[in-house]
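Undergrad: Here it is, the structure, as structure tokens.
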Amino acid sequence: MENFEEESMAYLAGGLSASEESAFEEFLKENQDYQSRFEEVKSSWALLSALDSPEPSEAMDDGFIKMLDTAERKQAKKREPSLWHTWRQIFTPSLAFGTLLLLVGLGVGYWFSPKENSIPQNNAVVVEGETEAVRQKLVLTLLEQPSANQRLDGVNEANKIKEVDDMVISALLQTLNNDPNVNVRLAAIESLANYVDKPIVRQGLVQSIAQQESPLVQVTLANLMVALQEKSSIEPFKQLLKEKQLDTTVKKQIQKSINSII
């Protein structure tokens with residue numbers, strides 16, 4: 001079966017229709033070799049799905065603002081210490097999911113690929129391209145999962161892709177705008193910041209400003225716009241300042257960002 005590992009993950013995640021599930025189960029019954037590999041994937045999935053990420057506490061706001069202020073003073077550096085990197089240290093258990101799941105997928109692909117005594121050197125580029133394609137499909141699959149923990153791992157996998165396609169960019173922007181979990185939206189910003197050389201990413205980030213209600217996300221976008229000196233973000237931020245329910249600390253931070261861009 002082509003793309004067996006993706007079908008297995010979709011089956012375990014409940015992403016297949018009833019007819020597709022039946023067809024998949026029938027395929028496993030008729031192919032014992034695939035059945036044994038599926039059991040390995042199933043065991044890993046069960047273990048990884050049991051890992052939980054803690055939700056951020058309310059006290060995180062002040063610490064987050066201070067961290068962003070510190071980051072602004074270090075803008076001379078090409079890349080700042082990322083919020084996602086900080087969370088990776090805090091949420092260590094969740095990191096295992098994306099890594100192990102990718103290894104399972106690649107392992108299954110390798111197990112059923114034709115084995116030869118030697119691989120020509122010029123095939124290295126092809127293998128790398130196939131790995132990138134698998135990772136991009138894995139990102140799209142994880143970002144659609146009901147678990148915030150799994151969606152975070154999907155964003156983390158996106159950070160490993162050298163050249164993302166439009167589908168991944170679109171999925172990350174959709175995650176930024178619609179994901180109910182603040183952690184996931186912040187991680188999406190961190191990932192999209194890697195591709196700000198693409199006009200579609202800059203435009204998407206600016207358009208996202210008006211859709212955000214979380215103070216953490218609002219301030220993160222404000223600081224990113226300052227780093228990019230994105231003048232098209234000024235008007236959306238001015239509109240945001242007119243909202244009565246906007247947090248006072250956020251208002252000050254956004255006004256400071258506007259002044260820095262102007």
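Please note that chains go A, B, ... in the order of the structure tokens, that every chain numbers its residues from 1, and that ligands are numbered from 1 in the order shown.
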List as a list in words the protein and nucleic acid residues near Ile254 (chain A), meaning an atom at most 9 Å away when only C-alpha atoms are counted, but skip any in the same chain fewer than 5 places from it.
TA: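 Those residues are Gln218, Val219, Ala222, Asn223, Phe237, Lys238, Leu240, Leu241, Thr249 and Asn259 of chain A.
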Undergrad: Grab the residues selected above and save them as a compact mmCIF listing (two decimals), in the first residue's frame with all heavy atoms.
TA:
# COMPACT_ATOMS: atom_id res chain seq x y z
N GLN A 218 -1.37 38.85 20.98
CA GLN A 218 -1.34 40.23 20.51
C GLN A 218 0.03 40.86 20.68
O GLN A 218 0.57 41.50 19.76
CB GLN A 218 -2.40 41.06 21.26
CG GLN A 218 -3.82 40.68 20.90
CD GLN A 218 -4.84 41.28 21.86
OE1 GLN A 218 -4.52 41.66 22.99
NE2 GLN A 218 -6.10 41.36 21.41
N VAL A 219 0.63 40.68 21.84
CA VAL A 219 1.94 41.26 22.11
C VAL A 219 3.02 40.58 21.28
O VAL A 219 3.96 41.22 20.81
CB VAL A 219 2.27 41.19 23.61
CG1 VAL A 219 3.69 41.65 23.88
CG2 VAL A 219 1.30 42.04 24.42
N ALA A 222 2.86 42.01 17.93
CA ALA A 222 3.37 43.39 17.95
C ALA A 222 4.89 43.41 17.91
O ALA A 222 5.50 44.18 17.16
CB ALA A 222 2.86 44.11 19.21
N ASN A 223 5.52 42.58 18.71
CA ASN A 223 6.98 42.54 18.73
C ASN A 223 7.56 42.00 17.43
O ASN A 223 8.62 42.45 16.98
CB ASN A 223 7.45 41.69 19.91
CG ASN A 223 7.43 42.45 21.22
OD1 ASN A 223 8.38 43.11 21.61
ND2 ASN A 223 6.29 42.41 21.89
N PHE A 237 -3.13 47.66 14.21
CA PHE A 237 -2.84 47.88 15.63
C PHE A 237 -3.60 49.09 16.16
O PHE A 237 -4.08 49.08 17.31
CB PHE A 237 -1.34 48.07 15.84
CG PHE A 237 -0.57 46.78 15.88
CD1 PHE A 237 0.60 46.63 15.15
CD2 PHE A 237 -1.00 45.71 16.64
CE1 PHE A 237 1.31 45.44 15.17
CE2 PHE A 237 -0.30 44.51 16.67
CZ PHE A 237 0.86 44.38 15.93
N LYS A 238 -3.73 50.14 15.37
CA LYS A 238 -4.49 51.31 15.81
C LYS A 238 -5.96 50.94 16.03
O LYS A 238 -6.59 51.43 16.97
CB LYS A 238 -4.37 52.43 14.77
CG LYS A 238 -3.01 53.12 14.76
CD LYS A 238 -2.99 54.27 13.76
CE LYS A 238 -1.66 55.00 13.80
NZ LYS A 238 -1.62 56.14 12.84
N LEU A 240 -6.97 48.02 16.89
CA LEU A 240 -6.98 47.19 18.08
C LEU A 240 -6.97 48.05 19.35
O LEU A 240 -7.61 47.72 20.35
CB LEU A 240 -5.75 46.27 18.07
CG LEU A 240 -5.75 45.09 19.06
CD1 LEU A 240 -6.93 44.17 18.81
CD2 LEU A 240 -4.44 44.31 18.93
N LEU A 241 -6.26 49.18 19.31
CA LEU A 241 -6.19 50.08 20.46
C LEU A 241 -7.55 50.69 20.80
O LEU A 241 -7.76 51.15 21.92
CB LEU A 241 -5.18 51.19 20.20
CG LEU A 241 -3.70 50.78 20.21
CD1 LEU A 241 -2.81 51.95 19.81
CD2 LEU A 241 -3.29 50.25 21.58
N THR A 249 -1.91 46.68 29.83
CA THR A 249 -0.50 46.39 29.54
C THR A 249 -0.29 46.16 28.05
O THR A 249 0.71 46.60 27.47
CB THR A 249 -0.04 45.13 30.31
OG1 THR A 249 -0.25 45.34 31.70
CG2 THR A 249 1.43 44.84 30.05
N ASN A 259 5.02 53.12 17.67
CA ASN A 259 6.03 54.19 17.66
C ASN A 259 7.38 53.70 17.11
O ASN A 259 8.10 54.43 16.43
CB ASN A 259 6.21 54.75 19.06
CG ASN A 259 4.97 55.44 19.59
OD1 ASN A 259 4.11 55.89 18.79
ND2 ASN A 259 4.82 55.52 20.89
Undergrad: Hey, what's within 10 Å of Val201 (chain A) if we count only C-alpha atoms and toss same-chain stuff fewer than 2 positions away? As a PDB file with C-alpha atoms, in the first residue's frame, please?
TA:
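So the final result, stored in part23.pdb, reads:
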ATOM      1  CA  ASP A 166       1.886  26.807   0.231  1.00  0.00           C
ATOM      2  CA  ILE A 169       1.974  27.935   5.108  1.00  0.00           C
ATOM      3  CA  SER A 170      -1.809  28.046   4.746  1.00  0.00           C
ATOM      4  CA  LEU A 172       0.023  27.422   9.880  1.00  0.00           C
ATOM      5  CA  LEU A 173      -1.867  30.663   9.208  1.00  0.00           C
ATOM      6  CA  LEU A 192       5.797  31.470  10.501  1.00  0.00           C
ATOM      7  CA  ALA A 193       8.544  33.875  11.574  1.00  0.00           C
ATOM      8  CA  ASN A 194      10.967  31.543   9.794  1.00  0.00           C
ATOM      9  CA  TYR A 195       9.322  32.342   6.463  1.00  0.00           C
ATOM     10  CA  VAL A 196       8.706  36.106   6.639  1.00  0.00           C
ATOM     11  CA  ASP A 197      10.605  36.510   3.388  1.00  0.00           C
ATOM     12  CA  LYS A 198       7.447  35.190   1.713  1.00  0.00           C
ATOM     13  CA  PRO A 199       4.873  37.948   1.023  1.00  0.00           C
ATOM     14  CA  GLN A 203       0.352  39.522   4.720  1.00  0.00           C
ATOM     15  CA  GLY A 204      -1.154  36.675   6.697  1.00  0.00           C
ATOM     16  CA  LEU A 205       0.505  37.799   9.932  1.00  0.00           C
ATOM     17  CA  VAL A 206      -0.746  41.370   9.478  1.00  0.00           C
ATOM     18  CA  GLN A 207      -4.285  40.204   8.712  1.00  0.00           C
TER      19      GLN A 207
END
Undergrad: Find the residues around region 151-156 of chain A up to 6 Å (only C-alpha atoms counted), leave out those fewer than 6 positions away in its own chain, and share them as an NGL selection string.
TA: :A and (98 or 139 or 142-143 or 184)
Undergrad: Give the alpha helix (DSSP H) residues of region 189-241 of chain A, as DSSP finds them on the backbone, and put them as a ChimeraX atom specification.
TA: /A:189-192,199-208,215-228,234-241
